[in-house]
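Trainee: For reference, the file coords32.txt (compact mmCIF, C-alpha atoms and all ligand atoms) is included below:
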```
# COMPACT_ATOMS: atom_id res chain seq x y z
CA MET A 24 0.00 0.00 0.00
CA GLU A 25 2.83 2.41 0.77
CA GLN A 26 3.68 3.21 -2.89
CA ARG A 27 0.00 3.36 -3.77
CA TYR A 28 -0.67 5.68 -0.85
CA ARG A 29 2.16 8.01 -1.98
CA LEU A 30 0.75 7.97 -5.51
CA LEU A 31 -2.71 8.76 -4.17
CA SER A 32 -1.37 11.66 -2.08
CA LEU A 33 -0.03 13.15 -5.32
CA LEU A 34 -3.25 12.52 -7.25
CA ALA A 35 -5.50 13.65 -4.36
CA ASP A 36 -5.69 17.24 -5.71
CA GLY A 37 -7.77 15.97 -8.64
CA ARG A 38 -5.42 17.56 -11.23
CA PHE A 39 -3.54 15.88 -14.05
CA HIS A 40 -0.05 14.57 -13.26
CA SER A 41 2.22 13.14 -15.95
CA GLY A 42 3.57 9.61 -15.66
CA GLU A 43 7.06 11.12 -15.70
CA GLU A 44 6.35 13.46 -12.78
CA LEU A 45 4.73 10.67 -10.73
CA GLY A 46 7.56 8.26 -11.53
CA ALA A 47 10.19 10.81 -10.44
CA ALA A 48 8.37 11.46 -7.16
CA LEU A 49 8.09 7.74 -6.36
CA GLY A 50 11.49 6.77 -7.75
CA VAL A 51 10.05 4.26 -10.24
CA GLY A 52 9.60 4.06 -14.02
CA ARG A 53 6.51 5.02 -16.04
CA SER A 54 5.42 1.41 -16.53
CA ALA A 55 5.47 0.85 -12.76
CA ILE A 56 3.26 3.94 -12.42
CA TRP A 57 0.87 2.51 -15.02
CA LYS A 58 0.62 -0.73 -13.02
CA LEU A 59 0.02 1.16 -9.78
CA ILE A 60 -2.66 3.26 -11.46
CA GLN A 61 -4.43 0.12 -12.65
CA SER A 62 -4.36 -1.31 -9.14
CA LEU A 63 -6.29 1.72 -7.85
CA GLU A 64 -9.50 0.34 -9.30
CA ALA A 65 -9.55 -2.22 -6.49
CA TYR A 66 -9.88 0.70 -4.07
CA GLY A 67 -13.08 1.85 -5.75
CA LEU A 68 -11.33 4.80 -7.42
CA ASP A 69 -11.85 5.97 -11.00
CA VAL A 70 -8.69 7.33 -12.67
CA TYR A 71 -8.61 9.04 -16.07
CA ALA A 72 -5.57 8.44 -18.27
CA VAL A 73 -5.25 11.03 -21.06
CA ARG A 74 -2.45 10.89 -23.61
CA GLY A 75 -0.20 13.93 -23.34
CA ARG A 76 -1.66 15.04 -19.97
CA GLY A 77 -1.16 12.05 -17.69
CA TYR A 78 -3.39 10.75 -14.90
CA CYS A 79 -6.12 12.34 -12.86
CA LEU A 80 -8.65 11.12 -10.29
CA SER A 81 -12.30 11.50 -11.32
CA SER A 82 -12.69 13.80 -8.29
CA PRO A 83 -10.25 15.19 -5.68
CA ILE A 84 -9.77 13.36 -2.37
CA GLU A 85 -9.41 14.88 1.07
CA LEU A 86 -7.02 12.54 2.85
CA LEU A 87 -7.42 11.98 6.59
CA ASP A 88 -5.30 14.39 8.64
CA ARG A 89 -4.88 13.82 12.37
CA ALA A 90 -4.42 17.51 13.26
CA ARG A 91 -7.58 18.52 11.40
CA ILE A 92 -9.60 15.72 13.03
CA VAL A 93 -8.37 16.55 16.54
CA ALA A 94 -9.12 20.24 15.90
CA GLU A 95 -12.84 19.30 15.79
CA LEU A 96 -12.76 17.91 19.36
CA LYS A 97 -13.58 20.05 22.38
CA PRO A 98 -10.96 20.22 25.19
CA ARG A 99 -13.06 17.77 27.23
CA THR A 100 -13.30 15.09 24.53
CA GLU A 101 -9.69 15.65 23.49
CA SER A 102 -8.60 14.94 27.05
CA LEU A 103 -10.81 11.81 27.17
CA LEU A 104 -9.26 10.28 24.04
CA ASN A 105 -6.36 7.98 24.79
CA THR A 106 -5.21 6.95 21.29
CA LEU A 107 -6.12 7.85 17.70
CA GLU A 108 -4.76 5.70 14.88
CA ILE A 109 -5.18 6.40 11.17
CA PHE A 110 -4.59 3.69 8.58
CA ALA A 111 -4.28 4.01 4.82
CA GLU A 112 -5.65 0.48 4.44
CA ILE A 113 -7.01 -2.10 6.87
CA ASP A 114 -9.34 -5.10 6.65
CA SER A 115 -11.80 -3.68 9.21
CA THR A 116 -11.31 -0.99 11.85
CA ASN A 117 -13.77 -2.92 14.09
CA ARG A 118 -11.89 -6.20 13.76
CA TYR A 119 -8.60 -4.43 14.49
CA LEU A 120 -9.89 -2.70 17.62
CA MET A 121 -11.58 -5.85 18.97
CA GLU A 122 -8.17 -7.52 18.72
CA ARG A 123 -6.37 -4.59 20.39
CA ALA A 124 -9.05 -4.43 23.10
CA GLY A 125 -8.47 -8.13 23.83
CA GLN A 126 -4.76 -7.36 24.28
CA GLY A 127 -5.69 -4.94 27.05
CA VAL A 128 -4.87 -1.57 25.43
CA ALA A 129 -6.01 1.59 27.20
CA HIS A 130 -9.33 3.21 26.20
CA PRO A 131 -10.92 5.16 24.61
CA HIS A 132 -8.94 4.14 21.54
CA ALA A 133 -10.16 5.36 18.14
CA CYS A 134 -9.15 4.21 14.71
CA LEU A 135 -9.92 5.54 11.21
CA ALA A 136 -9.04 4.18 7.79
CA GLU A 137 -8.92 5.55 4.26
CA TYR A 138 -9.98 2.14 2.96
CA GLN A 139 -11.33 -1.13 4.38
CA SER A 140 -10.87 -4.32 2.39
CA GLN A 141 -13.38 -6.26 4.55
CA GLY A 142 -15.59 -3.61 6.11
CA ARG A 143 -18.19 -5.30 8.33
CA GLY A 144 -21.87 -4.39 8.42
CA ARG A 145 -24.61 -5.58 10.77
CA ARG A 146 -26.05 -9.07 10.47
CA GLY A 147 -22.99 -10.44 8.65
CA ARG A 148 -23.22 -8.03 5.72
CA ASP A 149 -20.27 -6.24 4.08
CA TRP A 150 -19.77 -2.51 4.40
CA VAL A 151 -18.62 -1.08 1.07
CA SER A 152 -15.56 1.04 1.95
CA PRO A 153 -13.91 2.70 -1.11
CA PHE A 154 -10.68 4.66 -0.60
CA GLY A 155 -10.72 8.25 0.60
CA THR A 156 -14.38 9.09 0.11
CA ASN A 157 -16.42 8.24 3.21
CA VAL A 158 -15.71 7.92 6.94
CA TYR A 159 -14.87 4.54 8.53
CA MET A 160 -14.30 4.93 12.22
CA SER A 161 -14.21 2.64 15.28
CA VAL A 162 -13.92 3.57 18.94
CA PHE A 163 -13.07 1.10 21.69
CA HIS A 164 -14.43 1.75 25.19
CA ARG A 165 -14.17 -0.56 28.21
CA PHE A 166 -17.16 -0.73 30.56
CA GLU A 167 -17.04 -2.08 34.09
CA SER A 168 -20.78 -2.84 34.06
CA PRO A 169 -22.30 -6.30 33.44
CA PRO A 170 -23.74 -6.88 29.92
CA GLU A 171 -27.40 -6.25 30.92
CA ALA A 172 -26.46 -2.66 31.72
CA LEU A 173 -25.07 -2.20 28.18
CA GLN A 174 -28.28 -3.11 26.34
CA GLY A 175 -29.08 0.45 25.27
CA LEU A 176 -25.50 1.24 24.24
CA SER A 177 -25.98 0.79 20.49
CA LEU A 178 -28.99 3.14 20.59
CA ALA A 179 -27.07 5.70 22.65
CA VAL A 180 -24.32 5.67 20.01
CA GLY A 181 -27.02 6.21 17.37
CA VAL A 182 -28.14 9.34 19.22
CA ALA A 183 -24.51 10.55 19.49
CA ALA A 184 -23.95 10.03 15.73
CA THR A 185 -27.22 11.80 14.95
CA ASN A 186 -26.10 14.78 17.05
CA ALA A 187 -22.89 14.86 14.99
CA LEU A 188 -24.88 14.84 11.74
CA THR A 189 -27.03 17.71 12.99
CA ALA A 190 -23.86 19.66 13.89
CA LEU A 191 -22.60 19.00 10.35
CA GLY A 192 -25.70 20.68 8.93
CA VAL A 193 -28.03 17.76 8.15
CA THR A 194 -31.66 18.57 8.80
CA GLY A 195 -34.29 15.89 9.14
CA VAL A 196 -31.91 13.09 10.16
CA GLY A 197 -33.57 10.08 11.81
CA LEU A 198 -32.82 6.73 13.45
CA LYS A 199 -34.19 3.36 12.45
CA TRP A 200 -33.98 0.92 15.32
CA PRO A 201 -31.54 0.02 16.60
CA ASN A 202 -29.25 2.64 15.08
CA ASP A 203 -29.39 3.09 11.28
CA LEU A 204 -28.77 6.74 10.36
CA ILE A 205 -31.57 7.71 8.00
CA TRP A 206 -32.16 10.73 5.77
CA GLN A 207 -35.21 10.95 3.51
CA GLY A 208 -35.90 7.24 4.00
CA ARG A 209 -32.40 6.24 2.86
CA LYS A 210 -29.37 5.09 4.83
CA LEU A 211 -26.75 7.79 5.42
CA GLY A 212 -24.65 5.63 7.71
CA GLY A 213 -24.60 2.55 9.89
CA ILE A 214 -23.30 1.51 13.29
CA LEU A 215 -21.90 -1.86 14.27
CA LEU A 216 -21.40 -2.53 17.97
CA GLU A 217 -19.22 -5.52 18.87
CA MET A 218 -18.61 -6.63 22.45
CA ALA A 219 -16.55 -9.15 24.38
CA GLY A 220 -16.16 -9.76 28.10
CA GLU A 221 -16.74 -11.88 31.19
CA PRO A 222 -20.28 -12.24 32.61
CA SER A 223 -19.44 -10.04 35.60
CA GLY A 224 -17.49 -7.50 33.48
CA PRO A 225 -15.47 -5.67 32.38
CA TRP A 226 -16.78 -5.54 28.79
CA ASN A 227 -14.87 -4.34 25.76
CA ALA A 228 -17.17 -2.49 23.38
CA VAL A 229 -16.09 -1.46 19.89
CA VAL A 230 -18.39 1.00 18.18
CA GLY A 231 -17.90 1.11 14.41
CA ILE A 232 -19.48 3.83 12.29
CA GLY A 233 -19.59 4.06 8.53
CA LEU A 234 -20.80 7.39 7.19
CA ASN A 235 -21.42 8.08 3.50
CA LEU A 236 -20.00 11.42 2.41
CA GLU A 237 -19.80 11.13 -1.35
CA VAL A 238 -20.94 7.93 -3.01
CA SER A 239 -20.05 7.64 -6.70
CA GLU A 240 -22.38 5.96 -9.15
CA SER A 241 -20.13 2.91 -9.48
CA VAL A 242 -19.83 2.50 -5.69
CA GLY A 243 -23.57 3.11 -5.24
CA ARG A 244 -24.30 0.10 -7.46
CA ARG A 245 -22.48 -2.10 -4.91
CA ILE A 246 -24.66 -0.98 -1.97
CA HIS A 247 -27.70 -3.24 -1.79
CA GLN A 248 -30.06 -0.95 0.08
CA PRO A 249 -31.36 2.59 -0.51
CA TRP A 250 -28.51 4.97 0.43
CA ALA A 251 -27.88 8.69 0.79
CA ASP A 252 -24.69 10.68 1.29
CA LEU A 253 -23.77 13.79 3.29
CA HIS A 254 -23.19 15.76 0.10
CA ALA A 255 -26.88 15.37 -0.77
CA ALA A 256 -28.09 15.79 2.83
CA VAL A 257 -26.11 19.00 3.52
CA GLY A 258 -26.04 20.36 -0.04
CA THR A 259 -22.24 20.31 -0.01
CA ASN A 260 -19.59 17.86 1.17
CA PRO A 261 -18.49 19.08 4.63
CA GLY A 262 -15.11 17.33 4.28
CA ARG A 263 -13.89 14.03 5.68
CA ASN A 264 -11.73 15.45 8.46
CA LYS A 265 -14.49 17.68 9.74
CA ALA A 266 -17.04 14.86 9.55
CA ALA A 267 -14.69 12.37 11.23
CA GLY A 268 -13.74 14.88 13.97
CA GLN A 269 -17.35 15.80 14.75
CA LEU A 270 -18.36 12.15 14.82
CA LEU A 271 -15.46 11.34 17.13
CA HIS A 272 -16.35 14.22 19.44
CA TYR A 273 -20.00 13.23 19.84
CA VAL A 274 -19.24 9.50 20.14
CA LEU A 275 -16.59 10.05 22.85
CA GLU A 276 -18.99 12.31 24.72
CA GLY A 277 -21.81 9.76 24.32
CA LEU A 278 -19.72 6.79 25.48
CA GLU A 279 -18.52 8.65 28.53
CA ARG A 280 -22.05 9.74 29.43
CA PHE A 281 -23.40 6.23 28.91
CA SER A 282 -20.71 4.82 31.22
CA ARG A 283 -21.95 7.13 34.00
CA GLU A 284 -25.71 7.28 33.41
CA GLY A 285 -26.68 4.39 31.11
CA PHE A 286 -29.38 4.72 28.44
CA ALA A 287 -31.75 6.98 30.43
CA PRO A 288 -30.41 10.39 29.18
CA PHE A 289 -30.55 9.16 25.55
CA HIS A 290 -34.05 7.63 25.69
CA ARG A 291 -36.07 10.74 24.84
CA ALA A 292 -33.70 11.91 22.09
CA TRP A 293 -33.79 8.44 20.51
CA GLU A 294 -37.60 8.56 20.39
CA GLU A 295 -37.51 12.05 18.84
CA TYR A 296 -35.34 10.71 16.01
CA ASP A 297 -37.35 7.47 15.59
CA VAL A 298 -38.43 7.22 11.92
CA ALA A 299 -40.73 4.25 12.56
CA ARG A 300 -42.82 5.70 15.41
CA ASP A 301 -46.49 4.70 15.07
CA LYS A 302 -45.86 3.27 11.60
CA PRO A 303 -46.52 -0.28 10.43
CA VAL A 304 -43.36 -2.36 10.69
CA ILE A 305 -42.23 -5.90 10.00
CA ILE A 306 -39.78 -7.56 12.39
CA HIS A 307 -37.77 -10.42 10.93
CA GLY A 308 -36.45 -12.88 13.50
CA ALA A 309 -35.49 -16.54 13.85
CA THR A 310 -39.15 -17.56 14.12
CA GLY A 311 -40.35 -15.60 11.07
CA ALA A 312 -41.90 -12.20 10.39
CA THR A 313 -44.02 -10.24 12.89
CA HIS A 314 -46.26 -7.37 11.69
CA GLY A 315 -47.26 -4.57 14.03
CA LEU A 316 -47.22 -0.88 14.88
CA ALA A 317 -43.95 0.66 16.15
CA ARG A 318 -44.30 2.12 19.66
CA GLY A 319 -40.81 3.44 20.42
CA VAL A 320 -38.32 1.82 22.82
CA ASP A 321 -38.34 1.01 26.54
CA GLU A 322 -35.80 2.09 29.17
CA THR A 323 -33.40 -0.69 28.10
CA GLY A 324 -33.52 0.19 24.38
CA ALA A 325 -35.73 -2.79 23.44
CA PHE A 326 -38.03 -2.06 20.50
CA LEU A 327 -41.74 -1.98 21.34
CA VAL A 328 -44.28 -3.18 18.81
CA SER A 329 -48.00 -3.34 19.21
CA VAL A 330 -49.12 -6.71 17.81
CA ASP A 331 -52.86 -7.53 17.91
CA GLY A 332 -53.37 -5.00 20.69
CA ALA A 333 -50.53 -6.29 22.94
CA ILE A 334 -47.06 -4.74 23.28
CA ARG A 335 -44.15 -7.03 22.39
CA ARG A 336 -40.47 -6.29 23.14
CA PHE A 337 -37.72 -7.01 20.64
CA LEU A 338 -34.02 -7.04 21.45
CA SER A 339 -31.35 -5.83 19.08
CA GLY A 340 -29.28 -8.62 17.58
CA ASP A 341 -32.18 -11.07 17.36
CA VAL A 342 -34.22 -9.31 14.71
CA SER A 343 -34.14 -6.87 11.82
CA LEU A 344 -36.71 -4.16 11.27
CA ARG A 345 -38.40 -3.13 8.02
CA LEU A 346 -40.81 -0.27 7.61
CA ALA A 347 -43.87 -1.80 5.98
CA PRO A 348 -44.54 -0.39 2.50
C1 LIG B 401 -24.41 -1.45 9.35
O1 LIG B 401 -24.50 -2.50 8.69
O2 LIG B 401 -25.33 -0.63 9.35
C2 LIG B 401 -23.18 -1.15 10.16
C3 LIG B 401 -22.04 -0.64 9.33
C4 LIG B 401 -20.80 -0.33 10.12
C5 LIG B 401 -19.62 0.00 9.24
C6 LIG B 401 -18.45 0.50 10.02
S1 LIG B 401 -17.20 1.21 9.00
C7 LIG B 401 -16.11 1.29 10.36
C8 LIG B 401 -16.32 0.02 11.16
N1 LIG B 401 -15.48 -1.05 10.68
C9 LIG B 401 -16.18 -2.03 10.14
O3 LIG B 401 -15.70 -3.07 9.64
N2 LIG B 401 -17.49 -1.78 10.24
C10 LIG B 401 -17.73 -0.51 10.90
```
Taking this structure as input, can you express it in the form of structure tokens?
Ligand code: BTN
Mentor:
Amino acid sequence: MEQRYRLLSLLADGRFHSGEELGAALGVGRSAIWKLIQSLEAYGLDVYAVRGRGYCLSSPIELLDRARIVAELKPRTESLLNTLEIFAEIDSTNRYLMERAGQGVAHPHACLAEYQSQGRGRRGRDWVSPFGTNVYMSVFHRFESPPEALQGLSLAVGVAATNALTALGVTGVGLKWPNDLIWQGRKLGGILLEMAGEPSGPWNAVVGIGLNLEVSESVGRRIHQPWADLHAAVGTNPGRNKAAGQLLHYVLEGLERFSREGFAPFHRAWEEYDVARDKPVIIHGATGATHGLARGVDETGAFLVSVDGAIRRFLSGDVSLRLAP
């Protein structure tokens, strides 16, 4: 990746660069540059090659920059953060942090990547993670509480991410239980919470967030659900460093608050963002599909559905929710 990353840093400005210029900068010949350029397709990048002008990315890239991300934190969240790592390429920021958490590293520990080769989504799905366009972030937090006390955590993180989106200028953002980030009925981002621990605690929780900033047509074809990006939701792309920094700020704040107060302070906000409230929904679980009317969540974050006049509780992880057409 190192050579490719150096090539991408040169091409990131979106201007044409000749093969000769790129070769001189990387200390390789023009044919090696041609091979590197071809390999960029695997990263989900479109590169134009024009005779006499050289190579150019189909659109400029804002590479991740630690100083610009940290500049978005407030003194309080900056002092909370223990470690921030930024990778050019990784299989999955969640997988990496689960491994580091198991090795006993200090927390909170955050990690961002330009590209994920095996980005993980909820319910075993992939998370399409092209190079340098969206935000892929994970944050590891260790909780002393037993697992029952962590039930509302994934919803609390949804509220934190929604607050970040509002701060970035998105209006009308919503949450689909447990924590899909929704704008105009389409998915703007997703959250994957992974946990490991002993029954009596402590528990290692890794919160992974994928946020769409700018989804190209070719990448959009690989996402198998209705999607939206921040560019459309805000009217302009706020920039990856700003988006990553804001997200990190609100998530760190949310995790810290949850560790002190649990789900209670997030409950009302979650219900205000709930896109399914009082709508017909279908819950898909191991025993089949259940149809009912969505009635918000209880104090543990369980989803409440009115089915034939009785309220039923559904727990995250067991089921998936669809808004009925
Ligand atoms: C979902 O399916 O809605 C959850 C998507 C979570 C994707 C993020 S991207 C950063 C982190 N690393 C991963 O492998 N997955 C999460």
Trainee: Rounded to one decimal, what separation in Å do you get between atom CA of A:Ile232 and atom CA of A:Arg336?
Mentor: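 Atom-to-atom, atom CA of A:Ile232 and atom CA of A:Arg336 are spaced 25.7 Å apart.
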Trainee: Near stretch 214-222 of chain A, counting all atoms listed in the file, which residues have an atom at most 8 Å away, once you skip same-chain residues fewer than 6 positions from it, shown as an mmCIF file with C-alpha atoms, in the frame of the given file?
Mentor:
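Once written, result-v6.cif looks like this:
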```
data_model
loop_
_atom_site.group_PDB
_atom_site.id
_atom_site.type_symbol
_atom_site.label_atom_id
_atom_site.label_comp_id
_atom_site.auth_asym_id
_atom_site.auth_seq_id
_atom_site.Cartn_x
_atom_site.Cartn_y
_atom_site.Cartn_z
ATOM 1 C CA ASN A 117 -13.770 -2.920 14.090
ATOM 2 C CA MET A 121 -11.580 -5.850 18.970
ATOM 3 C CA ARG A 143 -18.190 -5.300 8.330
ATOM 4 C CA GLY A 144 -21.870 -4.390 8.420
ATOM 5 C CA ARG A 145 -24.610 -5.580 10.770
ATOM 6 C CA PRO A 169 -22.300 -6.300 33.440
ATOM 7 C CA PRO A 170 -23.740 -6.880 29.920
ATOM 8 C CA SER A 177 -25.980 0.790 20.490
ATOM 9 C CA VAL A 180 -24.320 5.670 20.010
ATOM 10 C CA GLY A 181 -27.020 6.210 17.370
ATOM 11 C CA ASN A 202 -29.250 2.640 15.080
ATOM 12 C CA ASP A 203 -29.390 3.090 11.280
ATOM 13 C CA ALA A 228 -17.170 -2.490 23.380
ATOM 14 C CA VAL A 229 -16.090 -1.460 19.890
ATOM 15 C CA VAL A 230 -18.390 1.000 18.180
ATOM 16 C CA GLY A 231 -17.900 1.110 14.410
ATOM 17 C CA ILE A 232 -19.480 3.830 12.290
ATOM 18 C CA GLY A 233 -19.590 4.060 8.530
#
```
Trainee: Return as a VMD selection string the residues of protein, DNA or RNA that approach ligand LIG 401 (chain B) to within 10 Å, with all atoms listed in the file taken into account.
Mentor: chain A and resid 113 to 120 134 to 136 138 to 152 157 to 162 201 to 204 210 to 217 229 to 235
Trainee: When you count only C-alpha atoms, which of these residues is closest to A:Val274: A:Leu198, A:Ala187, A:Ala299, A:Ala309?
Mentor: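 When distances to A:Val274 are compared using only C-alpha atoms, the smallest one comes from A:Ala187.
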Trainee: Between A:Ser239, A:Ala251, A:Asn227, A:Ala190, which is the closest to A:Gln207 once you count only C-alpha atoms?
Mentor: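 Closest candidate: A:Ala251.
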Trainee: Would you list the contacts of A:His132 as a list in words, taking every protein, DNA or RNA residue within 6 Å and counting all atoms listed in the file, but skipping same-chain residues closer than 4 positions in sequence?
Mentor: Asn105, Thr106, Val162 and Phe163 of chain A
Trainee: Could you write out the selected residues, including C-alpha atoms, as a PDB file, keeping the file's coordinate frame?
Mentor:
```pdb
ATOM      1  CA  ASN A 105      -6.360   7.980  24.790  1.00  0.00           C
ATOM      2  CA  THR A 106      -5.210   6.950  21.290  1.00  0.00           C
ATOM      3  CA  VAL A 162     -13.920   3.570  18.940  1.00  0.00           C
ATOM      4  CA  PHE A 163     -13.070   1.100  21.690  1.00  0.00           C
TER       5      PHE A 163
END
```
Trainee: Distance atom CA of A:Glu85-atom CA of A:Arg263, one decimal place?
Mentor: 6.5 Å
Trainee: Which value, in Å to one decimal, gives the distance between atom CA of A:Gly155 and atom CA of A:Gly277?
Mentor: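 About the pair atom CA of A:Gly155 and atom CA of A:Gly277: they are 26.2 Å apart.
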Trainee: Find the residue from A:Arg91, A:Gly268, A:Gly340, A:Leu178 that sits nearest to A:Gly319; use only C-alpha atoms when measuring.
Mentor: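 For A:Gly319, the nearest of the given residues is A:Leu178.
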Trainee: Near A:Val196, within 10 Å and counting only C-alpha atoms, which residues show up once chain neighbours fewer than 4 positions away are dropped, as a ChimeraX atom specification?
Mentor: /A:185-186,188-189,192,204-208,210-211,256,296-298
Trainee: Create the file for the chosen residues now, containing C-alpha atoms and written as an mmCIF file, keeping the file's coordinate frame.
Mentor:
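Output saved as result-v9.cif:
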```cif
data_model
loop_
_atom_site.group_PDB
_atom_site.id
_atom_site.type_symbol
_atom_site.label_atom_id
_atom_site.label_comp_id
_atom_site.auth_asym_id
_atom_site.auth_seq_id
_atom_site.Cartn_x
_atom_site.Cartn_y
_atom_site.Cartn_z
ATOM 1 C CA THR A 185 -27.220 11.800 14.950
ATOM 2 C CA ASN A 186 -26.100 14.780 17.050
ATOM 3 C CA LEU A 188 -24.880 14.840 11.740
ATOM 4 C CA THR A 189 -27.030 17.710 12.990
ATOM 5 C CA GLY A 192 -25.700 20.680 8.930
ATOM 6 C CA LEU A 204 -28.770 6.740 10.360
ATOM 7 C CA ILE A 205 -31.570 7.710 8.000
ATOM 8 C CA TRP A 206 -32.160 10.730 5.770
ATOM 9 C CA GLN A 207 -35.210 10.950 3.510
ATOM 10 C CA GLY A 208 -35.900 7.240 4.000
ATOM 11 C CA LYS A 210 -29.370 5.090 4.830
ATOM 12 C CA LEU A 211 -26.750 7.790 5.420
ATOM 13 C CA ALA A 256 -28.090 15.790 2.830
ATOM 14 C CA TYR A 296 -35.340 10.710 16.010
ATOM 15 C CA ASP A 297 -37.350 7.470 15.590
ATOM 16 C CA VAL A 298 -38.430 7.220 11.920
#
```
Trainee: Just want the 12 Å neighbourhood of A:Ser32, counted on all atoms listed in the file, with same-chain residues fewer than 3 positions away dropped. Output as a list in words.
Mentor: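 My reading of the contact set: Met24, Glu25, Gln26, Arg27, Tyr28, Arg29, Ala35, Asp36, Gly37, Arg38, His40, Leu45, Ala48, Leu49, Cys79, Leu80, Pro83, Ile84, Glu85, Leu86, Leu87, Asp88, Ala111, Glu137, Phe154 and Gly155 of chain A.
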Trainee: Excluding A:Ala325 and residues on its chain fewer than 6 positions from it, collect all residues at most 12 Å away from it, counting all atoms listed in the file, and give them as a PyMOL selection string.
Mentor: chain A and resi 171+173-178+200-202+286+290+293-294+317-319+334-342
Trainee: Just add N, CA and C atoms to stretch 149-164 of chain A and send it as an mmCIF file, keeping the file's coordinate frame.
Mentor:
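Result file is selection_14.cif:
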```
data_model
loop_
_atom_site.group_PDB
_atom_site.id
_atom_site.type_symbol
_atom_site.label_atom_id
_atom_site.label_comp_id
_atom_site.auth_asym_id
_atom_site.auth_seq_id
_atom_site.Cartn_x
_atom_site.Cartn_y
_atom_site.Cartn_z
ATOM 1 N N ASP A 149 -21.488 -7.026 4.328
ATOM 2 C CA ASP A 149 -20.270 -6.240 4.080
ATOM 3 C C ASP A 149 -20.609 -4.772 4.173
ATOM 4 N N TRP A 150 -19.581 -3.959 4.474
ATOM 5 C CA TRP A 150 -19.770 -2.510 4.400
ATOM 6 C C TRP A 150 -18.822 -1.997 3.307
ATOM 7 N N VAL A 151 -19.417 -1.528 2.222
ATOM 8 C CA VAL A 151 -18.620 -1.080 1.070
ATOM 9 C C VAL A 151 -17.787 0.138 1.498
ATOM 10 N N SER A 152 -16.444 0.031 1.361
ATOM 11 C CA SER A 152 -15.560 1.040 1.950
ATOM 12 C C SER A 152 -14.489 1.524 0.956
ATOM 13 N N PRO A 153 -14.894 2.238 -0.125
ATOM 14 C CA PRO A 153 -13.910 2.700 -1.110
ATOM 15 C C PRO A 153 -12.914 3.686 -0.490
ATOM 16 N N PHE A 154 -11.766 3.830 -1.115
ATOM 17 C CA PHE A 154 -10.680 4.660 -0.600
ATOM 18 C C PHE A 154 -11.051 6.147 -0.595
ATOM 19 N N GLY A 155 -10.768 6.790 0.559
ATOM 20 C CA GLY A 155 -10.720 8.250 0.600
ATOM 21 C C GLY A 155 -12.009 9.005 0.324
ATOM 22 N N THR A 156 -13.172 8.333 0.428
ATOM 23 C CA THR A 156 -14.380 9.090 0.110
ATOM 24 C C THR A 156 -15.322 9.246 1.309
ATOM 25 N N ASN A 157 -15.477 8.187 2.090
ATOM 26 C CA ASN A 157 -16.420 8.240 3.210
ATOM 27 C C ASN A 157 -15.661 8.233 4.538
ATOM 28 N N VAL A 158 -16.394 8.024 5.640
ATOM 29 C CA VAL A 158 -15.710 7.920 6.940
ATOM 30 C C VAL A 158 -15.930 6.500 7.482
ATOM 31 N N TYR A 159 -14.832 5.854 7.883
ATOM 32 C CA TYR A 159 -14.870 4.540 8.530
ATOM 33 C C TYR A 159 -14.139 4.700 9.842
ATOM 34 N N MET A 160 -14.899 4.633 10.928
ATOM 35 C CA MET A 160 -14.300 4.930 12.220
ATOM 36 C C MET A 160 -14.740 3.897 13.270
ATOM 37 N N SER A 161 -13.833 3.488 14.142
ATOM 38 C CA SER A 161 -14.210 2.640 15.280
ATOM 39 C C SER A 161 -13.645 3.259 16.552
ATOM 40 N N VAL A 162 -14.389 3.081 17.641
ATOM 41 C CA VAL A 162 -13.920 3.570 18.940
ATOM 42 C C VAL A 162 -14.100 2.434 19.951
ATOM 43 N N PHE A 163 -13.008 2.136 20.658
ATOM 44 C CA PHE A 163 -13.070 1.100 21.690
ATOM 45 C C PHE A 163 -13.216 1.762 23.062
ATOM 46 N N HIS A 164 -14.199 1.263 23.834
ATOM 47 C CA HIS A 164 -14.430 1.750 25.190
ATOM 48 C C HIS A 164 -14.617 0.539 26.093
#
```
